[in-house]
Amino acid sequence: MAVVLRLLHFLVLVYVSYIPLALAQDKNGFIYNGFHDQANLDLDGIAEIHSNGLLQLTNLSRQEVGRAFFHFPMKFNTSSSNPTSSLSFSTNFVFAMAPQVKNLGGHGIAFTICPSKNFSHALLNRYLGLFNNSNNGNSTNHILAIELDTVLDPEFEDITMNHVGIDVNGMKSVASAPAMYFSNKEGKNISLELMSGNPMHLWIDYDEAEKLLNVTLAPTTIPKPNRPLLSTHIDLSQILLESMYVGFSSATGTLASDHYILGWSFNKSGPAQSLGVSSLPRLPRERKRKEKPSVMIMIALIAVAVALITVIGAAYILRRKKYEEIREDWEEEYGPHRFSYKNLHKATKGFKDTELLGEGGFGKVYIGILPSSNVQIAVKRVSHDSKQGMEEFVAEIVSMGRLRHRNLVQLLGYCRRRGELLLVYDYMPNGSLDKFLYSKEKPNLNWVQRFRIIRGVASGLLYLHEEWEQVVLHRDIKASNVLLDAELNGRLGDFGLARLYDHGSNPQTTHVVGTVGYLAPEFYRTGRANTCTDVFAFGAFLLEVACGRRPIELQAQGLPEQVILVDLVAECCRRGAILDASDPRLEGNYVAEEMELVLKLGLFCSDTIPAARPSMKQVMQFLDGDADLRESPHDVSASFTAFTITESYDFMSSQASVASMSSTGSFLRGGR
Ligand SMILES: *[C@@H]1O[C@H](CO)[C@@H](O)[C@H](O)[C@H]1NC(C)=O
Ligand SMILES: *[C@@H]1O[C@H](CO)[C@@H](O)[C@H](O)[C@H]1NC(C)=O
């Protein structure tokens with residue numbers, strides 16, 4: 001009996017002392033030094049736990065979300081003096097983000113305190129799987145998130161592509177700072193690259209008494225810095241509810257990255273326990289690097305390598321010509337935006353005709369799949385003989401890559417070869433809008449879809465004109481330059497490309513940039529593009545989408561006579577029957593007020609007097625219903641005369657395709 005008791009006693013001792021190591025989790029706190037058993041962790045989306053205990057929230061799959069929440073809710077209570085149910089909390093975790101392409105990757109990770117684990121209504125990418133575009137910012141969300149954000153989204157007033165932010169109920173941070181840490185040793189702040197693939201440590205501590213939220217970042221190689229990165233006074237009593245879940249949400253967008261959590265400690269009733277950084281699971285890439293092959297294997301490998309290098313070297317010299325690029329010293333700083341020709345060649349199967357998506361004014365466009373990441377891209381091959389002006393143009397291309405708006409086709413980077421320039425864009429699965437409007441292969445778009453596309457394009461153009469740091473002119477707005485993404489959102493493509501034809505060409509022989517029917521009358525006289533000429537083209541685009549007809553339809557296209565769309569609409573307007581101009585394919589299924597608004601706005605933008613046209617800001621206000629077109633001083637039907645357009649069109653025909661005009665740049669430097 002005594003022996004049995006003793007044994008029992010021993011077993012209890014072993015069990016009790018084992019608890020803090022493996023299972024130190026209760027409902028007020030827990031610590032995961034690696035997630036070796038999934039106990040009490042709820043995974044959602046593509047999140048998974050590797051056999052070594054590594055929690056992977058997202059991988060290189062695009063447009064995905066991964067979440068992990070602690071199974072039990074935590075008690076947060078304003079009215080209680082009990083420390084375990086106060087609003088104070090303390091947590092720290094080690095994370096890593098590894099991008100698919102150097103410096104370009106998916107959205108980020110958010111540590112989240114939220115009332116529910118159900119995020120089925122939330123959107124991915126820019127909303128980090130936490131909000132959608134209608135509940136973003138609502139105080140009824142009761143969500144606190146600390147975002148590790150690797151995308152600069154101007155709509156959310158993000159400060160850099162590499163920042164840490166405190167988000168309350170929405171994606172616009174209440175406080176944020178570029179990623180860096182305070183080095184106790186050196187006594188200064190040192191920058192960190194969140195998306196470096198290296199593990200990093202984040203501490204989040206809230207003190208209810210001081211109403212102070214501290215967020216501290218550091219590499220895992222050093223202890224917690226003395227100074228936090230963010231230290232913000234914030235009253236969580238309005239935000240947190242009594243029962244809240246804690247966890248992580250992470251999302252990828254058109255670009256993706258691997259997002260990992262290596263360890264996580266949380267405590268509701270005092271400082272969170274420190275993680276055993278050295279015992280955390282290794283990252284896949286890191287592990288590979290650390291494997292040390294034995295000497296024999298190494299020698300064998302070296303021998304094989306030498307042989308291979310000789311063979312590959314010979315092959316390389318032969319193939320080099322095929323993949324030859326032009327690279328100059330000034331391009332060094334654009335390194336991250338540069339794609340290798342070889343990769344683009346592979347991605348597009350050697351620019352095979354079967355991969356051809358279309359042929360635009362500036363060159364052929366191919367679909368491709370980047371070999372390293374399986375990301376779909378569109379590659380535009382623009383032939384360009386001149387070296388002159390290239391440096392300035394590439395600088396603009398790179399800065400356009402920084403433009404981010406959901407209604408612009410994202411430019412990912414470029415590559416240069418002799419005589420040609422390759423531009424890499426996000427792939428738009430639904431192709432261009434004109435195919436939907438005019439070809440029989442694509443389904444008809446209903447009015448709701450068309451109106452949404454119109455508003456999207458307007459908001460993209462407003463961003464280019466007024467919301468970015470410089471004024472960017474598009475200069476070739478038309479239905480064939482509006483691309484549709486998977487959700488049929490309209491996105492403007494080809495912005496600024498017109499500039500290429502200004503650079504490096506003799507000003508006396510510059511092509512007219514733009515497209516007949518969309519070019520403002522004054523452009524034919526002055527050759528100058530500005531925001532008013534863009535608005536004119538946007539007007540032609542509005543009419544095109546509403547009427548389902550091109551701005552100018554020629555006799556040759558099987559019509560009894562040449563149709564100038566703007567004349568036709570103006571004529572209907574004068575007759576007081578403007579809706580007659582609407583696209584017959586809609587069969588009258590549209591919101592009459594919206595149709596009338598779009599048609600009248602189209603005429604307003606097509607005014608022959610540049611100053612009489614609305615700005616894109618006004619256009620947006622009309623479309624959003626924030627301003628009433630009928631109350632605007634402009635009388636659409638009276639001031640409009642189509643004469644100038646007809647005249648310029650005749651002028652164009654007589655001048656054949658090359659007219660001698662030069663134009664100003666797509667960037668109006670110093671414009672604001
Ligand atoms: C990402 O993870 C999901 C779920 O585990 C898997 O189906 C998918 O193939 C993965 N994608 C990549 C690119 O590894
Ligand atoms: C946004 O999310 C809320 C729940 O938080 C949901 O009620 C609403 O329907 C969602 N809206 C959209 C447009 O998905």
# chains A, B, ... in the order shown; residues from 1 in each chain; ligands from 1
$ select_by_dssp --residues "range 110-316 of chain A" --states "strand (DSSP E or B)" --output "ChimeraX atom specification"
/A:110-114,144-149,163-168,175-178,180-183,188-191,200-207,212-219,230-233,243-251,257-267
$ closest_atom_pairs --of "range 41-88 of chain A" --to "range 230-244 of chain A" --cutoff "8 Å" --atoms "only C-alpha atoms" --output "JSON lines"
{"residue": "A:Pro73", "atom": "CA", "partner": "A:Met244", "partner_atom": "CA", "distance": 5.1}
{"residue": "A:Met74", "atom": "CA", "partner": "A:Met244", "partner_atom": "CA", "distance": 5.2}
{"residue": "A:Lys75", "atom": "CA", "partner": "A:Ser243", "partner_atom": "CA", "distance": 5.0}
{"residue": "A:Phe76", "atom": "CA", "partner": "A:Glu242", "partner_atom": "CA", "distance": 4.7}
{"residue": "A:Asn77", "atom": "CA", "partner": "A:Glu242", "partner_atom": "CA", "distance": 5.2}
{"residue": "A:Thr78", "atom": "CA", "partner": "A:Ser237", "partner_atom": "CA", "distance": 6.0}
{"residue": "A:Leu87", "atom": "CA", "partner": "A:Leu236", "partner_atom": "CA", "distance": 7.0}
$ write_last_selection --atoms "N, CA and C atoms" --output "mmCIF file, in the first residue's frame"
data_model
loop_
_atom_site.group_PDB
_atom_site.id
_atom_site.type_symbol
_atom_site.label_atom_id
_atom_site.label_comp_id
_atom_site.auth_asym_id
_atom_site.auth_seq_id
_atom_site.Cartn_x
_atom_site.Cartn_y
_atom_site.Cartn_z
ATOM 1 N N PRO A 73 -12.622 32.624 -24.599
ATOM 2 C CA PRO A 73 -12.636 34.085 -24.519
ATOM 3 C C PRO A 73 -11.926 34.552 -23.254
ATOM 4 N N MET A 74 -11.431 35.794 -23.291
ATOM 5 C CA MET A 74 -10.800 36.402 -22.121
ATOM 6 C C MET A 74 -11.813 37.369 -21.507
ATOM 7 N N LYS A 75 -11.728 37.520 -20.185
ATOM 8 C CA LYS A 75 -12.661 38.435 -19.505
ATOM 9 C C LYS A 75 -12.033 39.818 -19.386
ATOM 10 N N PHE A 76 -12.641 40.786 -20.017
ATOM 11 C CA PHE A 76 -12.218 42.174 -19.862
ATOM 12 C C PHE A 76 -13.390 42.888 -19.209
ATOM 13 N N ASN A 77 -13.127 43.598 -18.132
ATOM 14 C CA ASN A 77 -14.256 44.198 -17.444
ATOM 15 C C ASN A 77 -13.858 45.543 -16.871
ATOM 16 N N THR A 78 -14.588 46.561 -17.209
ATOM 17 C CA THR A 78 -14.277 47.907 -16.740
ATOM 18 C C THR A 78 -14.602 48.088 -15.276
ATOM 19 N N LEU A 87 -9.042 45.694 -17.639
ATOM 20 C CA LEU A 87 -8.790 45.852 -19.075
ATOM 21 C C LEU A 87 -7.331 45.636 -19.414
#
$ residues_near_ligand --ligand "ligand 2" --cutoff "6 Å" --atoms "only C-alpha atoms and all ligand atoms" --output "number ranges by chain"
A: 121-122, 132, 134-135
$ residues_around --residues "Lys380 in chain A" --least-positions-apart "5" --cutoff "8 Å" --atoms "only C-alpha atoms" --output "number ranges by chain"
A: 363-366, 422-425
$ write_last_selection --atoms "all heavy atoms" --output "compact mmCIF listing (two decimals), in the first residue's frame"
# COMPACT_ATOMS: atom_id res chain seq x y z
N GLY A 363 2.08 48.28 -77.51
CA GLY A 363 2.79 47.02 -77.71
C GLY A 363 1.92 45.84 -77.33
O GLY A 363 0.76 45.98 -76.98
N LYS A 364 2.55 44.66 -77.41
CA LYS A 364 1.80 43.43 -77.14
C LYS A 364 1.79 43.11 -75.65
O LYS A 364 2.76 43.37 -74.95
CB LYS A 364 2.44 42.26 -77.88
CG LYS A 364 2.29 42.36 -79.37
CD LYS A 364 2.90 41.15 -80.05
CE LYS A 364 2.62 41.20 -81.54
NZ LYS A 364 3.28 40.13 -82.27
N VAL A 365 0.70 42.51 -75.19
CA VAL A 365 0.59 42.15 -73.78
C VAL A 365 0.44 40.63 -73.66
O VAL A 365 -0.37 40.02 -74.35
CB VAL A 365 -0.64 42.81 -73.14
CG1 VAL A 365 -0.66 42.54 -71.64
CG2 VAL A 365 -0.63 44.30 -73.39
N TYR A 366 1.27 40.04 -72.80
CA TYR A 366 1.25 38.60 -72.62
C TYR A 366 0.83 38.25 -71.20
O TYR A 366 1.15 38.98 -70.25
CB TYR A 366 2.64 38.02 -72.86
CG TYR A 366 3.12 38.19 -74.27
CD1 TYR A 366 3.71 39.38 -74.67
CD2 TYR A 366 2.98 37.17 -75.20
CE1 TYR A 366 4.15 39.55 -75.96
CE2 TYR A 366 3.41 37.33 -76.50
CZ TYR A 366 4.00 38.53 -76.88
OH TYR A 366 4.42 38.69 -78.16
N LEU A 422 10.04 46.21 -70.93
CA LEU A 422 8.97 45.30 -70.52
C LEU A 422 8.38 45.80 -69.21
O LEU A 422 9.11 46.10 -68.27
CB LEU A 422 9.53 43.89 -70.33
CG LEU A 422 10.04 43.31 -71.64
CD1 LEU A 422 11.55 43.26 -71.62
CD2 LEU A 422 9.46 41.95 -71.88
N LEU A 423 7.07 45.92 -69.18
CA LEU A 423 6.40 46.40 -67.97
C LEU A 423 5.55 45.26 -67.41
O LEU A 423 4.85 44.58 -68.14
CB LEU A 423 5.51 47.59 -68.31
CG LEU A 423 6.29 48.78 -68.89
CD1 LEU A 423 5.33 49.85 -69.37
CD2 LEU A 423 7.25 49.34 -67.86
N VAL A 424 5.67 45.07 -66.10
CA VAL A 424 4.98 43.94 -65.48
C VAL A 424 3.83 44.47 -64.62
O VAL A 424 4.04 45.32 -63.75
CB VAL A 424 5.97 43.14 -64.60
CG1 VAL A 424 5.28 41.92 -64.01
CG2 VAL A 424 7.18 42.73 -65.42
N TYR A 425 2.64 43.98 -64.91
CA TYR A 425 1.44 44.43 -64.19
C TYR A 425 0.75 43.25 -63.53
O TYR A 425 0.95 42.10 -63.90
CB TYR A 425 0.43 45.03 -65.17
CG TYR A 425 0.86 46.32 -65.81
CD1 TYR A 425 1.51 46.32 -67.04
CD2 TYR A 425 0.59 47.54 -65.21
CE1 TYR A 425 1.88 47.51 -67.65
CE2 TYR A 425 0.95 48.73 -65.80
CZ TYR A 425 1.60 48.71 -67.02
OH TYR A 425 1.95 49.89 -67.61
$ closest_atom_pairs --of "chain A" --to "ligand 1" --cutoff "9 Å" --atoms "only C-alpha atoms and all ligand atoms" --output "tab-separated table"
residue	atom	partner	partner_atom_place_in_ligand_line	distance
A:Gly45	CA	ligand 1	4 (C)	7.8
A:Ile46	CA	ligand 1	4 (C)	4.5
A:Ala47	CA	ligand 1	5 (O)	6.7
A:Glu48	CA	ligand 1	5 (O)	6.3
A:Gln56	CA	ligand 1	2 (O)	8.8
A:Leu57	CA	ligand 1	2 (O)	8.9
A:Thr58	CA	ligand 1	1 (C)	6.7
A:Asn59	CA	ligand 1	1 (C)	4.9
A:Leu60	CA	ligand 1	13 (C)	4.3
A:Ser61	CA	ligand 1	13 (C)	4.4
A:Arg62	CA	ligand 1	13 (C)	8.0
A:Glu64	CA	ligand 1	1 (C)	8.5
A:Ala256	CA	ligand 1	13 (C)	8.9
A:Asp258	CA	ligand 1	14 (O)	8.8
A:Ser373	CA	ligand 1	13 (C)	7.3
A:Asn374	CA	ligand 1	13 (C)	7.5
$ write_last_selection --atoms "all heavy atoms" --output "short mmCIF file (atom, residue, chain, number, x, y, z; two decimals), in the first residue's frame"
data_model
loop_
_atom_site.label_atom_id
_atom_site.label_comp_id
_atom_site.auth_asym_id
_atom_site.auth_seq_id
_atom_site.Cartn_x
_atom_site.Cartn_y
_atom_site.Cartn_z
N GLY A 45 -9.25 29.68 -42.26
CA GLY A 45 -8.62 30.02 -43.54
C GLY A 45 -7.54 29.01 -43.87
O GLY A 45 -7.70 27.81 -43.61
N ILE A 46 -6.41 29.48 -44.41
CA ILE A 46 -5.36 28.54 -44.80
C ILE A 46 -4.32 28.36 -43.69
O ILE A 46 -3.26 27.78 -43.92
CB ILE A 46 -4.65 28.96 -46.11
CG1 ILE A 46 -4.02 30.35 -45.98
CG2 ILE A 46 -5.62 28.95 -47.28
CD1 ILE A 46 -3.07 30.67 -47.12
N ALA A 47 -4.61 28.86 -42.49
CA ALA A 47 -3.64 28.71 -41.40
C ALA A 47 -3.41 27.23 -41.11
O ALA A 47 -4.34 26.43 -41.16
CB ALA A 47 -4.14 29.42 -40.15
N GLU A 48 -2.15 26.88 -40.81
CA GLU A 48 -1.86 25.49 -40.45
C GLU A 48 -0.66 25.45 -39.52
O GLU A 48 0.11 26.41 -39.44
CB GLU A 48 -1.62 24.64 -41.70
CG GLU A 48 -0.47 25.14 -42.55
CD GLU A 48 -0.26 24.26 -43.79
OE1 GLU A 48 -0.89 23.19 -43.88
OE2 GLU A 48 0.53 24.66 -44.65
N GLN A 56 1.77 28.64 -39.34
CA GLN A 56 1.83 29.40 -40.58
C GLN A 56 0.45 29.96 -40.86
O GLN A 56 -0.51 29.22 -41.05
CB GLN A 56 2.29 28.51 -41.75
CG GLN A 56 2.30 29.26 -43.06
CD GLN A 56 3.21 28.67 -44.12
OE1 GLN A 56 3.57 27.49 -44.04
NE2 GLN A 56 3.61 29.46 -45.09
N LEU A 57 0.34 31.30 -40.89
CA LEU A 57 -0.97 31.92 -41.10
C LEU A 57 -1.31 31.96 -42.58
O LEU A 57 -2.41 31.59 -42.98
CB LEU A 57 -0.98 33.33 -40.52
CG LEU A 57 -0.86 33.41 -38.99
CD1 LEU A 57 -0.63 34.84 -38.55
CD2 LEU A 57 -2.12 32.87 -38.32
N THR A 58 -0.37 32.44 -43.40
CA THR A 58 -0.62 32.46 -44.85
C THR A 58 0.61 31.95 -45.56
O THR A 58 1.71 31.94 -45.01
CB THR A 58 -0.91 33.88 -45.37
OG1 THR A 58 0.24 34.68 -45.14
CG2 THR A 58 -2.11 34.49 -44.72
N ASN A 59 0.41 31.53 -46.82
CA ASN A 59 1.52 31.12 -47.65
C ASN A 59 1.49 31.92 -48.94
O ASN A 59 0.86 32.96 -49.01
CB ASN A 59 1.50 29.60 -47.88
CG ASN A 59 0.19 29.16 -48.51
OD1 ASN A 59 -0.49 29.94 -49.16
ND2 ASN A 59 -0.15 27.90 -48.30
N LEU A 60 2.12 31.43 -49.99
CA LEU A 60 2.22 32.25 -51.20
C LEU A 60 0.95 32.21 -52.05
O LEU A 60 0.93 32.77 -53.14
CB LEU A 60 3.43 31.82 -52.02
CG LEU A 60 4.77 32.06 -51.30
CD1 LEU A 60 5.94 31.73 -52.19
CD2 LEU A 60 4.90 33.50 -50.82
N SER A 61 -0.11 31.58 -51.57
CA SER A 61 -1.36 31.64 -52.32
C SER A 61 -1.92 33.05 -52.22
O SER A 61 -1.94 33.63 -51.15
CB SER A 61 -2.38 30.67 -51.74
OG SER A 61 -2.00 29.36 -51.98
N ARG A 62 -2.42 33.55 -53.36
CA ARG A 62 -2.90 34.94 -53.36
C ARG A 62 -4.35 34.98 -52.89
O ARG A 62 -5.08 34.03 -52.98
CB ARG A 62 -2.82 35.51 -54.78
CG ARG A 62 -1.45 35.26 -55.38
CD ARG A 62 -1.12 36.17 -56.51
NE ARG A 62 -2.17 36.37 -57.48
CZ ARG A 62 -2.15 37.36 -58.34
NH1 ARG A 62 -1.18 38.23 -58.33
NH2 ARG A 62 -3.11 37.50 -59.22
N GLU A 64 -5.80 35.13 -49.98
CA GLU A 64 -6.19 34.17 -48.95
C GLU A 64 -6.10 34.84 -47.58
O GLU A 64 -5.48 35.88 -47.42
CB GLU A 64 -5.25 32.95 -48.96
CG GLU A 64 -5.38 32.06 -50.19
CD GLU A 64 -6.62 31.19 -50.17
OE1 GLU A 64 -7.43 31.29 -49.21
OE2 GLU A 64 -6.81 30.41 -51.12
N ALA A 256 1.68 37.92 -52.40
CA ALA A 256 1.51 37.10 -51.21
C ALA A 256 2.85 36.93 -50.52
O ALA A 256 3.91 37.15 -51.10
CB ALA A 256 0.95 35.74 -51.60
N ASP A 258 4.73 34.47 -47.04
CA ASP A 258 4.58 33.50 -45.96
C ASP A 258 4.55 34.27 -44.65
O ASP A 258 5.48 35.03 -44.36
CB ASP A 258 5.78 32.55 -45.94
CG ASP A 258 5.74 31.57 -47.11
OD1 ASP A 258 4.66 31.03 -47.38
OD2 ASP A 258 6.79 31.35 -47.73
N SER A 373 6.93 32.07 -57.86
CA SER A 373 5.83 32.23 -56.91
C SER A 373 4.47 31.84 -57.46
O SER A 373 3.48 31.92 -56.75
CB SER A 373 5.77 33.69 -56.49
OG SER A 373 5.66 34.48 -57.65
N ASN A 374 4.41 31.43 -58.73
CA ASN A 374 3.13 31.08 -59.34
C ASN A 374 2.14 32.22 -59.38
O ASN A 374 0.94 32.01 -59.40
CB ASN A 374 2.49 29.90 -58.61
CG ASN A 374 3.18 28.62 -58.97
OD1 ASN A 374 3.75 28.52 -60.05
ND2 ASN A 374 3.15 27.67 -58.07
#
$ residues_around --residues "Phe451 in chain A" --least-positions-apart "5" --cutoff "9 Å" --atoms "only C-alpha atoms" --output "VMD selection string"
chain A and resid 446 456 545 to 546 594 to 595 598
$ closest_residue --among "A:Gln618, A:Gly34, A:Arg402, A:Phe93" --to "Met161 in chain A" --atoms "only C-alpha atoms"
A:Arg402
$ residues_around --residues "range 338-352 of chain A" --least-positions-apart "3" --cutoff "10 Å" --atoms "only C-alpha atoms" --output "JSON, numbers by chain"
{"A": [101, 320, 322, 323, 324, 325, 326, 327, 331, 332, 333, 334, 335, 355, 356, 364, 365, 366, 367, 368, 369, 370, 371, 372, 374, 375, 376, 377, 378, 379, 381, 398, 412, 413, 414, 415, 416, 417, 422, 423, 424]}
$ write_last_selection --atoms "C-alpha atoms" --output "compact mmCIF listing (two decimals), in the first residue's frame"
# COMPACT_ATOMS: atom_id res chain seq x y z
CA VAL A 101 9.46 38.72 -54.52
CA ARG A 320 23.30 34.68 -72.71
CA LYS A 322 18.85 35.12 -75.55
CA TYR A 323 18.37 36.65 -72.11
CA GLU A 324 20.53 39.71 -72.60
CA GLU A 325 19.34 42.82 -70.81
CA ILE A 326 20.42 46.40 -70.62
CA ARG A 327 21.34 47.51 -67.14
CA GLU A 331 19.23 51.75 -62.32
CA GLU A 332 20.84 50.28 -59.25
CA GLU A 333 18.48 52.03 -56.86
CA TYR A 334 15.52 50.54 -58.73
CA GLY A 335 16.75 47.01 -58.10
CA GLU A 355 0.07 33.59 -74.22
CA LEU A 356 -0.83 36.79 -76.05
CA LYS A 364 1.80 43.43 -77.14
CA VAL A 365 0.59 42.15 -73.78
CA TYR A 366 1.25 38.60 -72.62
CA ILE A 367 -0.06 36.60 -69.72
CA GLY A 368 2.59 34.98 -67.56
CA ILE A 369 3.10 33.02 -64.38
CA LEU A 370 6.16 33.96 -62.36
CA PRO A 371 8.16 30.74 -61.93
CA SER A 372 9.23 31.46 -58.35
CA ASN A 374 3.13 31.08 -59.34
CA VAL A 375 1.76 34.59 -59.42
CA GLN A 376 -0.11 35.57 -62.56
CA ILE A 377 1.14 38.69 -64.27
CA ALA A 378 0.61 40.62 -67.46
CA VAL A 379 3.75 41.63 -69.33
CA ARG A 381 6.38 44.62 -74.37
CA VAL A 398 9.14 53.15 -60.67
CA LEU A 412 4.84 45.59 -60.36
CA GLY A 413 8.08 46.44 -62.09
CA TYR A 414 10.01 46.57 -65.34
CA CYS A 415 12.85 45.14 -67.37
CA ARG A 416 14.91 46.64 -70.20
CA ARG A 417 16.48 45.08 -73.24
CA LEU A 422 8.97 45.30 -70.52
CA LEU A 423 6.40 46.40 -67.97
CA VAL A 424 4.98 43.94 -65.48
$ closest_residue --among "A:Ala303, A:Ala458, A:Ala272, A:Ala209" --to "Arg406 in chain A" --atoms "only C-alpha atoms"
A:Ala458
$ atom_distance --atom1 "CA of Arg126 in chain A" --atom2 "CA of Thr150 in chain A"
10.0 Å
$ select_by_dssp --residues "range 440-622 of chain A" --states "helix (DSSP H, G or I)" --output "VMD selection string"
chain A and resid 447 to 467 479 to 481 497 to 501 507 to 509 521 to 526 531 to 547 555 to 557 565 to 574 578 to 581 584 to 586 592 to 605 610 to 612 616 to 622
